[in-house]
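> I'd like to ask you about the structure that follows.
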Amino acid sequence: MDFGLSEEQEMIVETVRAFVETEIYPHENEVERSGIVPPELGREIQRKCIDLGFYACNFPEEVGGAGLDHVTFTLVERELGRGSLGLTVFFGRPSGILMACEGEQRERYLLPAVRGEKIDALAITEPDAGSDMRGMKCAARRDGGDFVLNGTKHFISHADVADFVIVFAATGEEETPKGIKKKITAFLVDRGTPGFEILKGYDSVSHRGYHNCTLSFTDCRIPEAQVLGEVHRGFDIANQWLYGTRLTVAATCVGRARRVFDMTLPYAAERKQFGRPIGANQGVSFKLADMITEIDAADWLTLAAAWQVDAGRPADRQIASAKLYASEMLARVTDEAIQIFGGLGLMDDLPLARFWRDARVERIWDGTSEIQRHIISRDLLRPLGA
């Protein structure tokens with residue numbers, strides 16, 4: 001077993017980390033204060049990422065991406081996790097689901113997204129359908145050569161800067177062992193399509209500057225040519241590609257936790273109380289020991305899951321374990337860091353309070369902790385007939 005990184009991977013890690021430190025860190029406080037990323041700043045980050053050759057690095061070379069394997073891309077996401085999500089979103093990792101584009105869709109959506117000419121957003125969640133994707137009420141009915149879409153989506157990340165949205169909607173029903181379930185179809189819907197509105201979402205305590213939006217569809221007419229994949233097979237497409245988003249969450253949680261630890265360790269060594277560094281007290285030093293152990297464990301669990309994918313092995317359980325453990329680890333690490341810093345940790349002078357707030361959403365989006373535990377336990381028990 002080789003746990004080392006190749007020279008290329010080491011170079012990629014160093015390059016992305018330097019990018020985050022020089023291009024992202026300086027703007028974080030202002031984005032946190034205002035909750036806004038100025039459009040010109042977003043475009044500047046995007047341009048610099050394109051110049052570096054990292055834009056759409058999660059896509060294969062044949063469509064213009066960097067063709068990184070899953071382990072290397074996970075390392076990229078880990079380093080991006082150190083920075084504000086409102087800013088790093090412009091580093092550019094289009095939805096992998098766009099690889100399902102065919103024919104004219106490739107020229108209209110896939111290739112422009114890979115080149116950075118268009119930004120996509122993924123629309124699945126609804127007010128009454130979060131973890132239960134098959135329970136969605138947003139529906140599209142066939143009308144001649146078109147589909148007419150009606151309904152609402154919410155919590156749709158960065159739709160405010162997207163040029164088009166990948167929308168999942170119910171297009172029928174089918175009998176399953178668990179009763180009647182919706183058939184789901186994925187659609188490519190352009191901003192500005194009549195009947196489609198992108199509305200301001202909720203104000204969140206987590207990841208300020210990275211906005212969620214509400215999408216409204218009222219008799220929105222979509223040509224059948226904008227069906228992504230096959231009609232009624234959207235659920236299969238989603239399952240095929242969503243593993244990547246969960247690996248991303250796990251990796252970014254590890255990166256953020258390492259940044260928190262990198263701030264906390266020297267503070268514990270330098271801050272003195274009762275005539276000696278607070279890190280000399282077991283009440284603090286043992287916290288540090290637990291923090292780094294959990295961070296390392298989450299890191300290896302995440303990279304091991306990515307390696308499983310690269311090896312072509314089933315990895316649903318490993319990915320779920322990585323997402324579950326890394327997201328819950330980040331909550332514990334940020335909380336302990338604030339405890340070590342004391343009252344200073346909650347002040348705006350340091351970013352720890354931001355990391356603490358940001359950590360909370362990681363256990364919810366891209367599959368809640370409960371959903372990850374369901375995936376893991378199902379994988380364990382199904383072979384035994386339970």
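Naming works like this for the structure tokens: A, B, ... for the chains as they're shown, residue 1 at the start of each chain, ligands 1 onward in shown order.
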DSSP on the backbone: what in region 116-298 of chain A comes out strand (DSSP E or B), as an NGL selection string?

:A and (120-123 or 126 or 129 or 139-143 or 146-157 or 164-176 or 179-190 or 196-200 or 212-223 or 227-228 or 233 or 272-273 or 276-277)

> Set out as CSV a contact list for region 66-113 of chain A and region 179-196 of chain A with a cut-off of 12 Å, giving each residue of region 66-113 of chain A that qualifies its closest atom pair and distance in Å to one decimal, counting only C-alpha atoms, ordered by chain and rising residue number.


residue,atom,partner,partner_atom,distance
A:Ile97,CA,A:Ala186,CA,10.0
A:Leu98,CA,A:Leu188,CA,9.5
A:Ala100,CA,A:Ala186,CA,10.3
A:Cys101,CA,A:Leu188,CA,9.5
A:Glu102,CA,A:Leu188,CA,11.8
A:Gln105,CA,A:Leu188,CA,8.8
A:Arg106,CA,A:Leu188,CA,11.4
A:Arg108,CA,A:Leu188,CA,10.0
A:Tyr109,CA,A:Leu188,CA,8.3
A:Leu110,CA,A:Leu188,CA,10.6

> Need to verify the contact set: Ala315 (chain A), 12 Å, only C-alpha atoms, exclusion of same-chain residues closer than 2 positions in sequence. Can you return it as a PDB file with N, CA, C and O atoms, in the first residue's frame?


ATOM      1  N   GLN A 240     -25.760   8.290 -10.291  1.00  0.00           N
ATOM      2  CA  GLN A 240     -24.475   8.017 -10.920  1.00  0.00           C
ATOM      3  C   GLN A 240     -23.454   9.106 -10.620  1.00  0.00           C
ATOM      4  O   GLN A 240     -22.257   8.829 -10.488  1.00  0.00           O
ATOM      5  N   TYR A 243     -22.274  10.880  -6.138  1.00  0.00           N
ATOM      6  CA  TYR A 243     -21.177  10.455  -5.268  1.00  0.00           C
ATOM      7  C   TYR A 243     -20.052  11.485  -5.283  1.00  0.00           C
ATOM      8  O   TYR A 243     -19.353  11.682  -4.281  1.00  0.00           O
ATOM      9  N   GLY A 244     -19.867  12.153  -6.425  1.00  0.00           N
ATOM     10  CA  GLY A 244     -18.802  13.146  -6.525  1.00  0.00           C
ATOM     11  C   GLY A 244     -19.028  14.314  -5.591  1.00  0.00           C
ATOM     12  O   GLY A 244     -18.075  14.843  -5.001  1.00  0.00           O
ATOM     13  N   ARG A 246     -20.553  14.242  -2.742  1.00  0.00           N
ATOM     14  CA  ARG A 246     -20.324  13.816  -1.352  1.00  0.00           C
ATOM     15  C   ARG A 246     -18.838  13.680  -1.045  1.00  0.00           C
ATOM     16  O   ARG A 246     -18.396  13.987   0.065  1.00  0.00           O
ATOM     17  N   LEU A 247     -18.073  13.245  -2.031  1.00  0.00           N
ATOM     18  CA  LEU A 247     -16.623  13.244  -1.857  1.00  0.00           C
ATOM     19  C   LEU A 247     -16.099  14.669  -1.699  1.00  0.00           C
ATOM     20  O   LEU A 247     -15.192  14.924  -0.898  1.00  0.00           O
ATOM     21  N   LEU A 301      -9.805   8.387   5.118  1.00  0.00           N
ATOM     22  CA  LEU A 301     -11.081   7.774   4.751  1.00  0.00           C
ATOM     23  C   LEU A 301     -11.586   8.353   3.429  1.00  0.00           C
ATOM     24  O   LEU A 301     -12.087   7.622   2.561  1.00  0.00           O
ATOM     25  N   THR A 302     -11.437   9.668   3.258  1.00  0.00           N
ATOM     26  CA  THR A 302     -11.882  10.328   2.034  1.00  0.00           C
ATOM     27  C   THR A 302     -11.036   9.916   0.839  1.00  0.00           C
ATOM     28  O   THR A 302     -11.560   9.591  -0.240  1.00  0.00           O
ATOM     29  N   LEU A 303      -9.712   9.916   1.005  1.00  0.00           N
ATOM     30  CA  LEU A 303      -8.829   9.525  -0.101  1.00  0.00           C
ATOM     31  C   LEU A 303      -9.017   8.052  -0.451  1.00  0.00           C
ATOM     32  O   LEU A 303      -8.946   7.670  -1.630  1.00  0.00           O
ATOM     33  N   ALA A 304      -9.260   7.220   0.550  1.00  0.00           N
ATOM     34  CA  ALA A 304      -9.499   5.792   0.288  1.00  0.00           C
ATOM     35  C   ALA A 304     -10.774   5.596  -0.522  1.00  0.00           C
ATOM     36  O   ALA A 304     -10.837   4.743  -1.421  1.00  0.00           O
ATOM     37  N   ALA A 305     -11.808   6.385  -0.228  1.00  0.00           N
ATOM     38  CA  ALA A 305     -13.053   6.297  -0.995  1.00  0.00           C
ATOM     39  C   ALA A 305     -12.818   6.721  -2.441  1.00  0.00           C
ATOM     40  O   ALA A 305     -13.322   6.087  -3.376  1.00  0.00           O
ATOM     41  N   ALA A 306     -12.047   7.791  -2.630  1.00  0.00           N
ATOM     42  CA  ALA A 306     -11.732   8.239  -3.993  1.00  0.00           C
ATOM     43  C   ALA A 306     -10.929   7.180  -4.736  1.00  0.00           C
ATOM     44  O   ALA A 306     -11.135   6.953  -5.932  1.00  0.00           O
ATOM     45  N   TRP A 307     -10.014   6.530  -4.029  1.00  0.00           N
ATOM     46  CA  TRP A 307      -9.216   5.458  -4.634  1.00  0.00           C
ATOM     47  C   TRP A 307     -10.111   4.303  -5.063  1.00  0.00           C
ATOM     48  O   TRP A 307      -9.907   3.716  -6.137  1.00  0.00           O
ATOM     49  N   GLN A 308     -11.120   3.982  -4.277  1.00  0.00           N
ATOM     50  CA  GLN A 308     -12.072   2.926  -4.641  1.00  0.00           C
ATOM     51  C   GLN A 308     -12.749   3.246  -5.970  1.00  0.00           C
ATOM     52  O   GLN A 308     -12.929   2.377  -6.819  1.00  0.00           O
ATOM     53  N   VAL A 309     -13.132   4.515  -6.128  1.00  0.00           N
ATOM     54  CA  VAL A 309     -13.787   4.927  -7.372  1.00  0.00           C
ATOM     55  C   VAL A 309     -12.826   4.775  -8.547  1.00  0.00           C
ATOM     56  O   VAL A 309     -13.183   4.241  -9.609  1.00  0.00           O
ATOM     57  N   ASP A 310     -11.585   5.251  -8.368  1.00  0.00           N
ATOM     58  CA  ASP A 310     -10.587   5.136  -9.436  1.00  0.00           C
ATOM     59  C   ASP A 310     -10.306   3.685  -9.795  1.00  0.00           C
ATOM     60  O   ASP A 310     -10.007   3.364 -10.953  1.00  0.00           O
ATOM     61  N   ALA A 311     -10.396   2.803  -8.812  1.00  0.00           N
ATOM     62  CA  ALA A 311     -10.121   1.382  -9.040  1.00  0.00           C
ATOM     63  C   ALA A 311     -11.306   0.660  -9.667  1.00  0.00           C
ATOM     64  O   ALA A 311     -11.223  -0.532  -9.975  1.00  0.00           O
ATOM     65  N   GLY A 312     -12.416   1.387  -9.859  1.00  0.00           N
ATOM     66  CA  GLY A 312     -13.599   0.774 -10.456  1.00  0.00           C
ATOM     67  C   GLY A 312     -14.339  -0.151  -9.519  1.00  0.00           C
ATOM     68  O   GLY A 312     -15.120  -1.003  -9.955  1.00  0.00           O
ATOM     69  N   ARG A 313     -14.129   0.037  -8.233  1.00  0.00           N
ATOM     70  CA  ARG A 313     -14.785  -0.815  -7.240  1.00  0.00           C
ATOM     71  C   ARG A 313     -16.033  -0.131  -6.689  1.00  0.00           C
ATOM     72  O   ARG A 313     -16.118   1.099  -6.674  1.00  0.00           O
ATOM     73  N   ARG A 317     -20.677   2.795   0.021  1.00  0.00           N
ATOM     74  CA  ARG A 317     -20.521   2.792   1.478  1.00  0.00           C
ATOM     75  C   ARG A 317     -19.314   3.615   1.898  1.00  0.00           C
ATOM     76  O   ARG A 317     -19.367   4.380   2.851  1.00  0.00           O
ATOM     77  N   GLN A 318     -18.200   3.465   1.180  1.00  0.00           N
ATOM     78  CA  GLN A 318     -16.983   4.189   1.547  1.00  0.00           C
ATOM     79  C   GLN A 318     -17.180   5.705   1.409  1.00  0.00           C
ATOM     80  O   GLN A 318     -16.712   6.481   2.242  1.00  0.00           O
ATOM     81  N   ILE A 319     -17.877   6.108   0.339  1.00  0.00           N
ATOM     82  CA  ILE A 319     -18.136   7.535   0.141  1.00  0.00           C
ATOM     83  C   ILE A 319     -19.059   8.059   1.238  1.00  0.00           C
ATOM     84  O   ILE A 319     -18.842   9.147   1.789  1.00  0.00           O
ATOM     85  N   ALA A 320     -20.099   7.294   1.555  1.00  0.00           N
ATOM     86  CA  ALA A 320     -21.016   7.698   2.623  1.00  0.00           C
ATOM     87  C   ALA A 320     -20.281   7.797   3.957  1.00  0.00           C
ATOM     88  O   ALA A 320     -20.513   8.733   4.739  1.00  0.00           O
ATOM     89  N   SER A 321     -19.383   6.861   4.224  1.00  0.00           N
ATOM     90  CA  SER A 321     -18.612   6.900   5.471  1.00  0.00           C
ATOM     91  C   SER A 321     -17.730   8.134   5.527  1.00  0.00           C
ATOM     92  O   SER A 321     -17.610   8.795   6.564  1.00  0.00           O
ATOM     93  N   ALA A 322     -17.103   8.461   4.398  1.00  0.00           N
ATOM     94  CA  ALA A 322     -16.229   9.633   4.352  1.00  0.00           C
ATOM     95  C   ALA A 322     -17.022  10.913   4.578  1.00  0.00           C
ATOM     96  O   ALA A 322     -16.621  11.782   5.365  1.00  0.00           O
ATOM     97  N   ILE A 375     -27.290   4.567   4.039  1.00  0.00           N
ATOM     98  CA  ILE A 375     -26.533   3.943   2.945  1.00  0.00           C
ATOM     99  C   ILE A 375     -25.542   2.919   3.491  1.00  0.00           C
ATOM    100  O   ILE A 375     -25.422   1.799   2.981  1.00  0.00           O
ATOM    101  N   ILE A 376     -24.842   3.294   4.541  1.00  0.00           N
ATOM    102  CA  ILE A 376     -23.828   2.408   5.127  1.00  0.00           C
ATOM    103  C   ILE A 376     -24.470   1.151   5.697  1.00  0.00           C
ATOM    104  O   ILE A 376     -24.032   0.022   5.414  1.00  0.00           O
ATOM    105  N   ASP A 379     -25.818  -1.212   3.031  1.00  0.00           N
ATOM    106  CA  ASP A 379     -24.748  -1.961   2.368  1.00  0.00           C
ATOM    107  C   ASP A 379     -24.278  -3.126   3.231  1.00  0.00           C
ATOM    108  O   ASP A 379     -23.913  -4.191   2.700  1.00  0.00           O
TER     109      ASP A 379
END

> Give me, as a VMD selection string, all polymer residues having an atom no more than 10 Å from Val76 (chain A), counting only C-alpha atoms and skipping those fewer than 4 positions away in the same chain.

chain A and resid 9 12 to 17 54 57 to 58 68 70 to 72 80 to 81 248 251 to 252 255

> Restricted to C-alpha atoms, what would the selected residues look like written as a JSON list (two decimals), in the first residue's frame?


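result-v3.json, freshly written:
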[["chain", "number", "residue", "atom", "x", "y", "z"],
["A", 9, "GLN", "CA", 0.01, 15.47, -6.98],
["A", 12, "ILE", "CA", -1.07, 20.30, -7.62],
["A", 13, "VAL", "CA", -1.63, 20.48, -3.86],
["A", 14, "GLU", "CA", 0.97, 23.23, -3.48],
["A", 15, "THR", "CA", -0.40, 25.19, -6.44],
["A", 16, "VAL", "CA", -4.02, 25.10, -5.30],
["A", 17, "ARG", "CA", -3.09, 25.90, -1.71],
["A", 54, "PHE", "CA", -7.41, 24.10, -13.33],
["A", 57, "CYS", "CA", -10.27, 19.88, -13.72],
["A", 58, "ASN", "CA", -12.88, 17.26, -12.78],
["A", 68, "LEU", "CA", -7.69, 14.40, -13.03],
["A", 70, "HIS", "CA", -10.70, 11.03, -8.38],
["A", 71, "VAL", "CA", -7.89, 10.91, -5.83],
["A", 72, "THR", "CA", -6.13, 13.93, -7.34],
["A", 80, "LEU", "CA", -10.15, 24.58, -1.84],
["A", 81, "GLY", "CA", -11.94, 23.69, 1.39],
["A", 248, "THR", "CA", -16.29, 16.99, -2.35],
["A", 251, "ALA", "CA", -12.65, 16.70, 1.21],
["A", 252, "THR", "CA", -13.56, 20.33, 1.86],
["A", 255, "GLY", "CA", -9.28, 21.10, 4.32]]

> Could you name the residues that touch region 35-44 of chain A at 12 Å or less, counting only C-alpha atoms, but leaving out those on the same chain fewer than 3 positions away, as a PyMOL selection string?

chain A and resi 23-24+26-32+47-51+84-92+116-119+158+160-161+203-212

> Could you tell me which of A:Phe341, A:Phe168, A:Phe73, A:Tyr25 comes closest to Tyr55 (chain A) if we count only C-alpha atoms?

A:Phe73

> Can you tell me how far CA of Arg382 (chain A) sits from CA of Cys253 (chain A), in Å to one decimal?

29.6 Å

> Using only C-alpha atoms, pick whichever of A:Asp335, A:Ser377, A:Ile371, A:Glu197 has the shortest atom-to-atom distance to Arg357 (chain A).

A:Asp335
